[in-house]
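Below is the file final11.txt, which contains compact mmCIF, C-alpha atoms and all ligand atoms.
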```
# COMPACT_ATOMS: atom_id res chain seq x y z
CA MET A 1 -112.85 201.80 -195.72
CA SER A 2 -110.58 204.82 -195.38
CA ARG A 3 -108.52 204.67 -192.23
CA ILE A 4 -109.66 206.61 -189.15
CA PRO A 5 -107.20 209.20 -187.83
CA VAL A 6 -106.14 208.73 -184.20
CA ALA A 7 -104.07 210.76 -181.74
CA VAL A 8 -101.65 209.01 -179.39
CA VAL A 9 -101.18 211.02 -176.19
CA GLY A 10 -98.09 210.04 -174.20
CA ALA A 11 -96.61 208.79 -177.48
CA THR A 12 -93.00 208.86 -176.26
CA GLY A 13 -93.64 206.70 -173.16
CA ALA A 14 -93.31 202.95 -172.74
CA VAL A 15 -96.98 202.32 -173.58
CA GLY A 16 -97.15 205.07 -176.22
CA GLN A 17 -94.26 203.51 -178.12
CA ALA A 18 -95.87 200.07 -178.04
CA LEU A 19 -99.03 201.68 -179.40
CA VAL A 20 -97.21 203.53 -182.17
CA ALA A 21 -95.60 200.21 -183.11
CA ALA A 22 -98.96 198.38 -183.03
CA LEU A 23 -100.56 201.08 -185.22
CA HIS A 24 -97.92 200.58 -187.92
CA GLY A 25 -99.91 199.06 -190.81
CA HIS A 26 -103.14 198.95 -188.80
CA PRO A 27 -106.06 198.20 -191.15
CA TRP A 28 -108.57 200.64 -189.56
CA PHE A 29 -106.55 203.41 -187.91
CA THR A 30 -103.80 205.79 -188.94
CA VAL A 31 -101.69 207.94 -186.60
CA GLU A 32 -102.41 211.61 -187.21
CA ALA A 33 -101.19 213.26 -184.01
CA LEU A 34 -98.45 212.40 -181.52
CA VAL A 35 -98.70 214.22 -178.21
CA ALA A 36 -96.29 214.33 -175.26
CA SER A 37 -95.07 216.73 -172.57
CA GLU A 38 -93.59 220.18 -173.08
CA ARG A 39 -90.18 218.50 -172.95
CA SER A 40 -90.87 216.74 -176.26
CA ALA A 41 -93.31 219.12 -177.97
CA GLY A 42 -91.85 220.71 -181.12
CA LEU A 43 -89.30 217.91 -181.61
CA LYS A 44 -89.47 215.25 -184.30
CA TYR A 45 -90.77 211.97 -182.88
CA ARG A 46 -87.54 210.10 -183.64
CA ASP A 47 -85.50 212.75 -181.79
CA ALA A 48 -87.77 212.92 -178.75
CA VAL A 49 -88.42 209.22 -178.19
CA ARG A 50 -86.00 206.86 -176.39
CA TRP A 51 -87.12 203.77 -178.33
CA VAL A 52 -86.98 200.69 -176.10
CA LEU A 53 -88.80 198.20 -178.34
CA PRO A 54 -87.38 195.77 -180.90
CA GLY A 55 -86.91 197.31 -184.34
CA SER A 56 -86.89 201.04 -184.95
CA VAL A 57 -89.35 203.93 -184.99
CA PRO A 58 -91.96 203.29 -187.75
CA PRO A 59 -90.91 205.43 -190.74
CA GLU A 60 -94.32 207.04 -191.27
CA VAL A 61 -94.16 208.75 -187.86
CA ALA A 62 -90.40 209.26 -187.42
CA ASP A 63 -90.42 212.85 -188.74
CA ARG A 64 -93.76 213.83 -187.24
CA THR A 65 -93.58 216.90 -184.96
CA ILE A 66 -94.79 216.19 -181.43
CA LEU A 67 -97.63 218.35 -180.10
CA ASP A 68 -98.27 219.33 -176.50
CA VAL A 69 -101.54 218.69 -174.69
CA THR A 70 -102.89 222.18 -175.38
CA ALA A 71 -103.04 221.31 -179.11
CA ASP A 72 -106.50 221.41 -180.67
CA LEU A 73 -106.78 217.73 -181.56
CA GLN A 74 -109.08 217.00 -184.49
CA THR A 75 -109.04 213.20 -184.52
CA PRO A 76 -112.28 211.39 -183.63
CA ILE A 77 -110.24 208.92 -181.52
CA ILE A 78 -107.73 209.70 -178.77
CA LEU A 79 -105.61 206.87 -177.36
CA SER A 80 -104.50 208.07 -173.95
CA CYS A 81 -101.23 206.80 -172.42
CA ILE A 82 -100.55 209.41 -169.76
CA ASP A 83 -100.47 209.19 -165.99
CA ALA A 84 -103.65 209.14 -163.96
CA GLY A 85 -103.39 212.68 -162.58
CA LEU A 86 -103.17 214.21 -166.03
CA ALA A 87 -105.81 211.83 -167.40
CA ARG A 88 -108.26 212.90 -164.68
CA GLU A 89 -107.96 216.47 -165.89
CA LEU A 90 -107.76 216.00 -169.67
CA GLU A 91 -109.85 212.96 -170.60
CA PRO A 92 -113.25 214.49 -169.62
CA GLN A 93 -112.32 217.65 -171.57
CA TRP A 94 -111.66 215.54 -174.68
CA ALA A 95 -114.89 213.59 -174.13
CA GLN A 96 -116.81 216.85 -173.79
CA ARG A 97 -115.38 218.01 -177.11
CA GLY A 98 -116.73 214.87 -178.78
CA HIS A 99 -113.66 212.62 -178.94
CA ARG A 100 -113.85 208.92 -178.23
CA VAL A 101 -111.15 208.50 -175.58
CA PHE A 102 -109.61 205.08 -174.94
CA SER A 103 -107.52 205.24 -171.80
CA ASN A 104 -104.75 203.21 -170.21
CA ALA A 105 -104.81 205.35 -167.10
CA SER A 106 -106.52 204.38 -163.86
CA ALA A 107 -108.34 207.74 -163.44
CA PHE A 108 -111.81 206.59 -164.63
CA ARG A 109 -111.57 202.79 -164.44
CA LEU A 110 -113.86 202.61 -161.42
CA HIS A 111 -116.23 205.39 -162.52
CA PRO A 112 -119.70 203.77 -162.43
CA THR A 113 -120.68 204.66 -166.02
CA VAL A 114 -117.25 204.27 -167.66
CA PRO A 115 -116.67 200.78 -169.10
CA LEU A 116 -113.62 198.88 -167.80
CA LEU A 117 -113.14 196.36 -170.57
CA ILE A 118 -111.38 193.16 -171.50
CA PRO A 119 -113.45 192.57 -174.65
CA GLU A 120 -113.02 188.78 -174.53
CA VAL A 121 -114.48 188.73 -171.01
CA ASN A 122 -116.99 191.59 -170.72
CA ALA A 123 -117.63 193.22 -174.10
CA ASP A 124 -121.28 193.68 -173.04
CA HIS A 125 -120.15 196.29 -170.47
CA TYR A 126 -119.53 198.66 -173.40
CA ALA A 127 -123.27 199.40 -173.16
CA LEU A 128 -122.50 201.53 -170.08
CA VAL A 129 -121.50 204.36 -172.43
CA GLN A 130 -125.17 205.11 -173.04
CA TYR A 131 -125.40 206.32 -169.41
CA ARG A 132 -122.29 208.53 -169.59
CA ASP A 133 -122.05 212.08 -168.32
CA SER A 134 -124.53 214.14 -170.36
CA ALA A 135 -121.84 216.79 -170.95
CA TRP A 136 -119.75 214.24 -172.88
CA LYS A 137 -120.50 214.36 -176.59
CA GLY A 138 -117.80 211.73 -176.94
CA LEU A 139 -117.00 208.97 -174.46
CA ILE A 140 -114.32 207.41 -172.26
CA VAL A 141 -113.57 203.68 -172.24
CA THR A 142 -110.80 202.21 -170.09
CA ASN A 143 -108.68 199.07 -170.00
CA PRO A 144 -107.46 197.52 -166.75
CA ASN A 145 -104.18 197.67 -164.91
CA CYS A 146 -101.56 195.48 -166.60
CA CYS A 147 -101.61 192.69 -163.97
CA VAL A 148 -105.40 192.81 -163.82
CA ALA A 149 -105.45 192.23 -167.60
CA GLY A 150 -103.90 188.79 -166.94
CA LEU A 151 -105.73 188.07 -163.69
CA ALA A 152 -109.26 188.88 -164.92
CA MET A 153 -108.68 187.07 -168.21
CA ALA A 154 -107.72 183.96 -166.22
CA LEU A 155 -110.62 184.24 -163.76
CA GLY A 156 -113.25 185.04 -166.42
CA PRO A 157 -113.74 181.49 -167.78
CA LEU A 158 -113.82 180.09 -164.23
CA THR A 159 -116.61 182.46 -163.11
CA LYS A 160 -118.79 181.10 -165.94
CA ARG A 161 -118.66 177.62 -164.33
CA TRP A 162 -118.10 178.14 -160.60
CA SER A 163 -118.44 180.68 -157.82
CA LEU A 164 -115.05 182.00 -156.75
CA GLU A 165 -114.60 183.09 -153.16
CA ARG A 166 -111.05 184.21 -152.71
CA VAL A 167 -107.91 184.65 -154.83
CA TYR A 168 -104.40 185.07 -153.44
CA VAL A 169 -102.18 186.67 -156.09
CA THR A 170 -98.45 187.27 -155.92
CA THR A 171 -97.03 189.27 -158.83
CA PHE A 172 -93.52 189.34 -160.30
CA GLN A 173 -93.65 192.51 -162.38
CA ALA A 174 -91.37 193.58 -165.22
CA VAL A 175 -89.49 196.86 -165.09
CA SER A 176 -91.22 198.31 -168.17
CA GLY A 177 -94.37 198.42 -166.05
CA ALA A 178 -92.83 201.38 -164.23
CA GLY A 179 -92.75 203.49 -167.41
CA LEU A 180 -89.63 205.03 -168.90
CA GLN A 181 -89.03 207.48 -166.06
CA GLY A 182 -89.51 204.80 -163.42
CA LEU A 183 -87.33 202.44 -165.39
CA ALA A 184 -84.37 204.79 -165.28
CA ALA A 185 -84.72 205.35 -161.54
CA LEU A 186 -85.29 201.75 -160.34
CA PRO A 187 -82.40 200.00 -158.49
CA ILE A 188 -83.47 196.66 -160.02
CA ALA A 189 -80.26 194.83 -160.98
CA ASP A 190 -79.60 192.03 -158.47
CA ASN A 191 -82.78 193.03 -156.70
CA VAL A 192 -86.47 192.45 -155.92
CA ILE A 193 -88.59 195.36 -154.71
CA PRO A 194 -91.48 194.22 -152.49
CA TRP A 195 -93.86 197.13 -153.16
CA ILE A 196 -95.31 198.93 -156.18
CA ALA A 197 -97.28 202.11 -155.53
CA GLY A 198 -101.05 201.67 -155.91
CA GLU A 199 -100.78 198.24 -157.52
CA GLU A 200 -102.29 196.02 -154.82
CA GLU A 201 -105.30 198.31 -154.55
CA LYS A 202 -105.92 198.05 -158.32
CA LEU A 203 -105.67 194.25 -158.16
CA GLN A 204 -108.35 194.23 -155.47
CA LYS A 205 -110.75 196.73 -156.99
CA GLU A 206 -110.70 196.26 -160.76
CA PRO A 207 -111.45 192.50 -161.23
CA PRO A 208 -114.82 192.61 -159.39
CA LYS A 209 -116.00 195.30 -161.85
CA ILE A 210 -114.72 193.42 -164.93
CA LEU A 211 -116.18 190.08 -163.78
CA GLY A 212 -119.45 191.63 -162.63
CA TRP A 213 -122.70 191.90 -164.57
CA LEU A 214 -124.62 194.80 -166.05
CA GLN A 215 -127.75 195.93 -164.27
CA GLY A 216 -129.16 199.01 -166.01
CA ALA A 217 -126.76 201.90 -165.63
CA ARG A 218 -124.27 200.10 -163.40
CA VAL A 219 -122.16 197.00 -162.97
CA VAL A 220 -122.92 194.73 -160.04
CA GLU A 221 -119.50 193.66 -158.79
CA TYR A 222 -118.51 190.01 -158.71
CA PRO A 223 -118.12 189.16 -155.01
CA VAL A 224 -114.60 187.80 -154.80
CA GLU A 225 -111.96 188.65 -152.19
CA ILE A 226 -108.54 189.30 -153.75
CA ILE A 227 -105.42 189.22 -151.56
CA PRO A 228 -102.48 190.65 -153.57
CA SER A 229 -98.73 191.00 -152.97
CA CYS A 230 -96.81 192.84 -155.69
CA TYR A 231 -93.08 192.61 -156.41
CA ARG A 232 -90.87 194.31 -159.03
CA VAL A 233 -88.32 191.89 -160.51
CA PRO A 234 -85.47 192.22 -163.02
CA VAL A 235 -87.48 191.19 -166.10
CA ARG A 236 -87.71 193.52 -169.10
CA HIS A 237 -91.31 192.94 -170.24
CA GLY A 238 -94.01 190.52 -169.03
CA HIS A 239 -95.67 190.24 -165.62
CA THR A 240 -95.88 186.81 -163.96
CA LEU A 241 -98.62 186.12 -161.41
CA ALA A 242 -98.84 183.19 -158.98
CA LEU A 243 -102.48 182.49 -158.11
CA VAL A 244 -104.29 180.46 -155.47
CA ILE A 245 -107.96 180.40 -156.46
CA GLU A 246 -110.57 179.24 -153.94
CA GLY A 247 -114.14 178.47 -154.92
CA ASP A 248 -116.78 175.79 -155.39
CA ALA A 249 -115.78 172.27 -154.36
CA ASP A 250 -116.33 170.92 -157.88
CA MET A 251 -113.67 173.27 -159.29
CA THR A 252 -110.68 170.93 -159.68
CA PRO A 253 -107.32 171.62 -161.37
CA GLU A 254 -108.31 169.33 -164.28
CA ARG A 255 -111.66 171.06 -164.80
CA ALA A 256 -110.11 174.53 -164.49
CA ALA A 257 -107.54 173.57 -167.15
CA GLU A 258 -110.41 172.44 -169.38
CA ALA A 259 -112.28 175.74 -168.81
CA TRP A 260 -109.17 177.69 -169.84
CA ARG A 261 -108.46 175.44 -172.82
CA ASP A 262 -112.04 175.63 -174.08
CA PHE A 263 -112.38 179.39 -173.59
CA ARG A 264 -113.42 181.17 -176.81
CA PRO A 265 -114.52 184.79 -176.87
CA PRO A 266 -117.41 185.81 -179.14
CA ASP A 267 -116.45 185.51 -182.83
CA TRP A 268 -116.91 189.21 -183.50
CA VAL A 269 -114.36 190.04 -180.75
CA ARG A 270 -111.86 187.44 -181.97
CA GLN A 271 -112.11 188.90 -185.47
CA LEU A 272 -111.22 192.48 -184.47
CA PRO A 273 -107.81 193.45 -185.91
CA SER A 274 -106.10 193.10 -182.49
CA GLY A 275 -108.16 190.05 -181.48
CA VAL A 276 -106.65 186.60 -181.13
CA GLY A 277 -108.44 183.33 -181.84
CA GLN A 278 -107.46 181.81 -178.52
CA PRO A 279 -106.56 184.47 -175.94
CA ILE A 280 -105.58 181.94 -173.24
CA ARG A 281 -102.74 179.46 -173.79
CA VAL A 282 -102.59 176.57 -171.35
CA TRP A 283 -99.18 175.02 -170.60
CA THR A 284 -98.57 171.50 -169.31
CA GLU A 285 -94.76 171.81 -169.28
CA VAL A 286 -93.75 172.36 -165.65
CA ASP A 287 -91.31 175.18 -166.43
CA ARG A 288 -93.63 177.36 -168.54
CA PRO A 289 -94.77 180.06 -169.08
CA GLN A 290 -91.64 182.20 -168.95
CA PRO A 291 -91.60 185.91 -169.87
CA ALA A 292 -88.48 185.73 -172.04
CA LEU A 293 -89.87 182.82 -174.09
CA ASP A 294 -93.61 183.30 -174.17
CA ARG A 295 -94.65 186.96 -173.74
CA ASP A 296 -94.76 187.78 -177.48
CA GLU A 297 -97.13 185.00 -178.55
CA GLY A 298 -100.09 186.36 -180.54
CA GLN A 299 -98.32 189.75 -180.89
CA GLY A 300 -98.30 189.89 -177.07
CA MET A 301 -102.10 189.53 -176.77
CA VAL A 302 -102.13 185.94 -175.42
CA VAL A 303 -102.44 185.37 -171.66
CA HIS A 304 -100.60 182.23 -170.53
CA VAL A 305 -101.68 179.84 -167.76
CA GLY A 306 -99.38 177.09 -166.50
CA ARG A 307 -98.36 175.08 -163.41
CA ILE A 308 -102.03 174.17 -162.87
CA ARG A 309 -102.33 172.12 -159.68
CA GLY A 310 -104.12 171.90 -156.33
CA GLN A 311 -107.21 170.08 -155.17
CA ALA A 312 -110.99 170.30 -155.32
CA GLY A 313 -112.06 173.86 -154.48
CA ARG A 314 -108.49 175.23 -154.54
CA VAL A 315 -106.60 175.68 -157.81
CA LEU A 316 -103.04 177.00 -158.06
CA CYS A 317 -101.50 178.30 -161.28
CA THR A 318 -99.03 180.70 -162.89
CA VAL A 319 -100.21 183.42 -165.28
CA LEU A 320 -98.08 185.46 -167.70
CA VAL A 321 -99.25 188.67 -169.37
CA HIS A 322 -97.30 191.07 -171.60
CA ASN A 323 -97.71 194.27 -169.59
CA LEU A 324 -97.07 196.67 -172.47
CA ILE A 325 -99.29 194.86 -175.00
CA ARG A 326 -102.18 192.87 -173.48
CA GLY A 327 -101.83 195.01 -170.36
CA ALA A 328 -101.74 198.38 -172.14
CA ALA A 329 -101.20 199.23 -175.84
CA GLY A 330 -102.94 196.18 -177.32
CA ALA A 331 -105.76 196.54 -174.81
CA VAL A 332 -106.45 200.19 -175.61
CA LEU A 333 -106.35 199.41 -179.32
CA LEU A 334 -108.73 196.46 -178.96
CA ASN A 335 -111.18 198.70 -177.07
CA ALA A 336 -111.04 201.32 -179.82
CA GLU A 337 -111.66 198.61 -182.42
CA LEU A 338 -114.57 197.26 -180.42
CA SER A 339 -116.11 200.73 -180.22
CA VAL A 340 -115.78 201.35 -183.97
CA SER A 341 -117.14 197.91 -184.74
CA LEU A 342 -120.25 198.53 -182.58
CA ASN A 343 -120.71 202.22 -183.51
CA PRO A 344 -118.94 203.00 -186.78
CA LEU A 345 -117.50 206.49 -187.17
N1 LIG B 401 -96.00 200.60 -168.48
C1 LIG B 401 -97.00 199.71 -168.38
O1 LIG B 401 -96.76 198.46 -168.43
C2 LIG B 401 -98.42 200.15 -168.23
C3 LIG B 401 -99.42 199.19 -168.28
C4 LIG B 401 -100.75 199.56 -168.15
C5 LIG B 401 -101.07 200.88 -167.98
N2 LIG B 401 -100.09 201.81 -167.90
C6 LIG B 401 -100.51 203.20 -167.73
O2 LIG B 401 -100.29 203.88 -168.97
C7 LIG B 401 -99.94 205.24 -168.72
C8 LIG B 401 -98.58 205.53 -169.36
O3 LIG B 401 -97.60 204.69 -168.77
P1 LIG B 401 -96.11 204.55 -169.33
O4 LIG B 401 -95.55 203.38 -168.64
O5 LIG B 401 -96.09 204.60 -170.80
O6 LIG B 401 -95.44 205.90 -168.75
P2 LIG B 401 -94.11 206.67 -169.26
O7 LIG B 401 -93.20 205.73 -169.95
O8 LIG B 401 -93.60 207.41 -168.08
O9 LIG B 401 -94.66 207.70 -170.35
C9 LIG B 401 -95.43 208.81 -169.99
C10 LIG B 401 -95.82 209.58 -171.23
O10 LIG B 401 -96.61 210.71 -170.81
C11 LIG B 401 -96.02 211.90 -171.35
N3 LIG B 401 -96.26 213.03 -170.46
C12 LIG B 401 -95.72 213.26 -169.24
N4 LIG B 401 -96.15 214.44 -168.76
C13 LIG B 401 -96.96 214.96 -169.71
C14 LIG B 401 -97.69 216.18 -169.82
N5 LIG B 401 -97.68 217.09 -168.85
N6 LIG B 401 -98.41 216.38 -170.94
C15 LIG B 401 -98.44 215.46 -171.93
N7 LIG B 401 -97.76 214.30 -171.90
C16 LIG B 401 -97.03 214.06 -170.79
C17 LIG B 401 -94.57 211.59 -171.51
O11 LIG B 401 -93.99 212.49 -172.45
P3 LIG B 401 -92.44 212.93 -172.38
O12 LIG B 401 -91.64 211.80 -173.01
O13 LIG B 401 -92.42 214.17 -173.21
O14 LIG B 401 -92.10 213.15 -170.95
C18 LIG B 401 -94.64 210.15 -172.03
O15 LIG B 401 -94.98 210.16 -173.40
C19 LIG B 401 -99.97 205.41 -167.19
O16 LIG B 401 -101.24 205.84 -166.80
C20 LIG B 401 -99.72 203.99 -166.70
O17 LIG B 401 -100.20 203.78 -165.39
C21 LIG B 401 -98.77 201.49 -168.03
```

Spell out the structure here as structure tokens.
Amino acid sequence: MSRIPVAVVGATGAVGQALVAALHGHPWFTVEALVASERSAGLKYRDAVRWVLPGSVPPEVADRTILDVTADLQTPIILSCIDAGLARELEPQWAQRGHRVFSNASAFRLHPTVPLLIPEVNADHYALVQYRDSAWKGLIVTNPNCCVAGLAMALGPLTKRWSLERVYVTTFQAVSGAGLQGLAALPIADNVIPWIAGEEEKLQKEPPKILGWLQGARVVEYPVEIIPSCYRVPVRHGHTLALVIEGDADMTPERAAEAWRDFRPPDWVRQLPSGVGQPIRVWTEVDRPQPALDRDEGQGMVVHVGRIRGQAGRVLCTVLVHNLIRGAAGAVLLNAELSVSLNPL
């Protein structure tokens, strides 16, 4: 098939760059428009972007002139990597104009008729788009917060076998999670910062929607209490999460490990261009996973689970998720692929 043109909005940011890199050689999509703030608009992409990823700016976009958000975008797909305030204003306008908008921002994640997707876990929630705002000729689909991408992926296979009651989660979050502006301003060397704005709230509110079930035009939330503590640590990319999962008495560390090891998403999801055969990797080595060693497995789309221990009804483990890929750029791309696979353009 001929490749579908997409616009990347926020293309110069940490997530936007990861997306531009992931779109290089993509079999279904081709980058037509790169959009950023007034600061960057009018400049060539390679001059405007402060590239923080391995390798260099993909040659096919290096000389592309950056547009600002007032540009009349013509692409059927918009991949949105801007902050939530701006997304709240712009994404419904794009949806009204008929674009399919795939968003990394938190603005519409909890909107009752906007899907909040991890395709391996809740691809069926895509059906919510049929109940979307009647003014939207297009649609909005969201992916979760970067830590939630790892947390809900890890909890998903467990909820298929047991009832979960409570999850304590302590996060050790990489600096690239703060975006390029945040990155420059953070006093992170020789430091741990015991608070990240808005993060604990997202960890509490997003997983119950992702793990819940469809009932007509809404998702019934999965009733689990999540008790988060979020820390910024001096790691470049890759968020680590320490979990204590409480649930049914027959949930043991051995059985939980088996549930993670045996987890296979539906074949059609695994076969999407950004899909991975086995999205959860289980570690038995006591000192894994580690961000520096393991975050890039499966082009950054694999979620790692290790240090599995505990007792009946109470399982402890460590989860690693690549915040910029599985938690952002790869997630938004997988959602766009899922949409095109279900409703071809
Ligand atoms: N970083 C992560 O790990 C991560 C993970 C999941 C989700 N997210 C979410 O993804 C979104 C982007 O995050 P990020 O980390 O990539 O942020 P970032 O590095 O700060 O990048 C922000 C991007 O937005 C652009 N922008 C700023 N103001 C704009 C305006 N008025 N009009 C158009 N574009 C504008 C910036 O362009 P200029 O370069 O021209 O300023 C830049 O391209 C946020 O909603 C964030 O919460 C981030």

| field | Selection within 8 Å of ligand LIG 401 (chain B) by all atoms listed in the file, output as number ranges by chain | value | A: 9-17, 35-41, 48-49, 68-69, 80-84, 86-87, 103-106, 144-146, 174, 176-182, 237, 323-325, 327-329

| query | Restricting the calculation to only C-alpha atoms, which member of A:Leu316, A:Val244, A:Val305, A:Ala18 is positioned closest to Ala331 of chain A? | reply | A:Ala18

| task | Scan for residues within 6 Å of the point (-113.4, 199.6, -168.0) in the coordinates of the file, using only C-alpha atoms, and reply as a PyMOL selection string. | result | chain A and resi 109+115-117+141-143

Those residues with C-alpha atoms, as a PDB file, in the frame of the given file please?
```pdb
ATOM      1  CA  ARG A 109    -111.570 202.790-164.440  1.00  0.00           C
ATOM      2  CA  PRO A 115    -116.670 200.780-169.100  1.00  0.00           C
ATOM      3  CA  LEU A 116    -113.620 198.880-167.800  1.00  0.00           C
ATOM      4  CA  LEU A 117    -113.140 196.360-170.570  1.00  0.00           C
ATOM      5  CA  VAL A 141    -113.570 203.680-172.240  1.00  0.00           C
ATOM      6  CA  THR A 142    -110.800 202.210-170.090  1.00  0.00           C
ATOM      7  CA  ASN A 143    -108.680 199.070-170.000  1.00  0.00           C
TER       8      ASN A 143
END
```

| query | By how many Å are atom CA of Leu151 of chain A and atom CA of Arg326 of chain A apart? | reply | 11.5 Å

| request: Would you work out the distance separating atom CA of Gln96 of chain A from atom CA of Ala336 of chain A, expressed in Å to one decimal? | output: 17.6 Å

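Distance-wise, atom CA of Gly310 of chain A and atom CA of Leu243 of chain A end up 10.9 Å apart.
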
| said: Taking 2 positions as the minimum chain separation for residues in the same chain, which residues sit within 10 Å of Leu23 of chain A when counting all atoms listed in the file? Answer as an MDAnalysis selection string. | reply: chainID A and resid 6 8 17:21 25:31 58 329:330 333

| task | Using all atoms listed in the file, give me every residue within 12 Å of (-116.9, 182.4, -166.0) in file coordinates, as an MDAnalysis selection string. | result | chainID A and resid 120:122 152:164 210:213 222 251 256 259:260 262:265

| remark: Residue with the minimum atom-to-atom distance to His304 of chain A, picked from A:Pro253, A:Pro92, A:Gly150, A:Pro194 with only C-alpha atoms counted, is A:Gly150

| Close residues, Gly138 of chain A itself excluded, 8 Å, all atoms listed in the file, min 4 positions apart in chain, as number ranges by chain | A: 94-101

Writing out the chosen residues with C-alpha atoms as a compact mmCIF listing (two decimals), keeping the file's coordinate frame:
```
# COMPACT_ATOMS: atom_id res chain seq x y z
CA TRP A 94 -111.66 215.54 -174.68
CA ALA A 95 -114.89 213.59 -174.13
CA GLN A 96 -116.81 216.85 -173.79
CA ARG A 97 -115.38 218.01 -177.11
CA GLY A 98 -116.73 214.87 -178.78
CA HIS A 99 -113.66 212.62 -178.94
CA ARG A 100 -113.85 208.92 -178.23
CA VAL A 101 -111.15 208.50 -175.58
```

| Which polymer residues have any atom within 9 Å of an atom of Arg218 of chain A, counting all atoms listed in the file, with same-chain residues fewer than 5 positions away left out, as a ChimeraX atom specification? | /A:112-113,128,131,213

| task | Please provide as number ranges by chain all residues within 8 Å of segment 295-301 of chain A, with the sequence filter that same-chain residues fewer than 4 positions apart are discarded (counting all atoms listed in the file). | result | A: 237-238, 274-276, 279, 290-291, 320-322, 325-326, 330

| Taking into account all atoms listed in the file, which residue in the set A:Glu258, A:Gly247, A:Pro208, A:Gln173 is nearest to Ser229 of chain A? | A:Gln173

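The nearest approach to Asn335 of chain A among the residues A:Ile118, A:Ala242, A:Ala71, A:Cys230, with all atoms listed in the file taken into account, belongs to A:Ile118.
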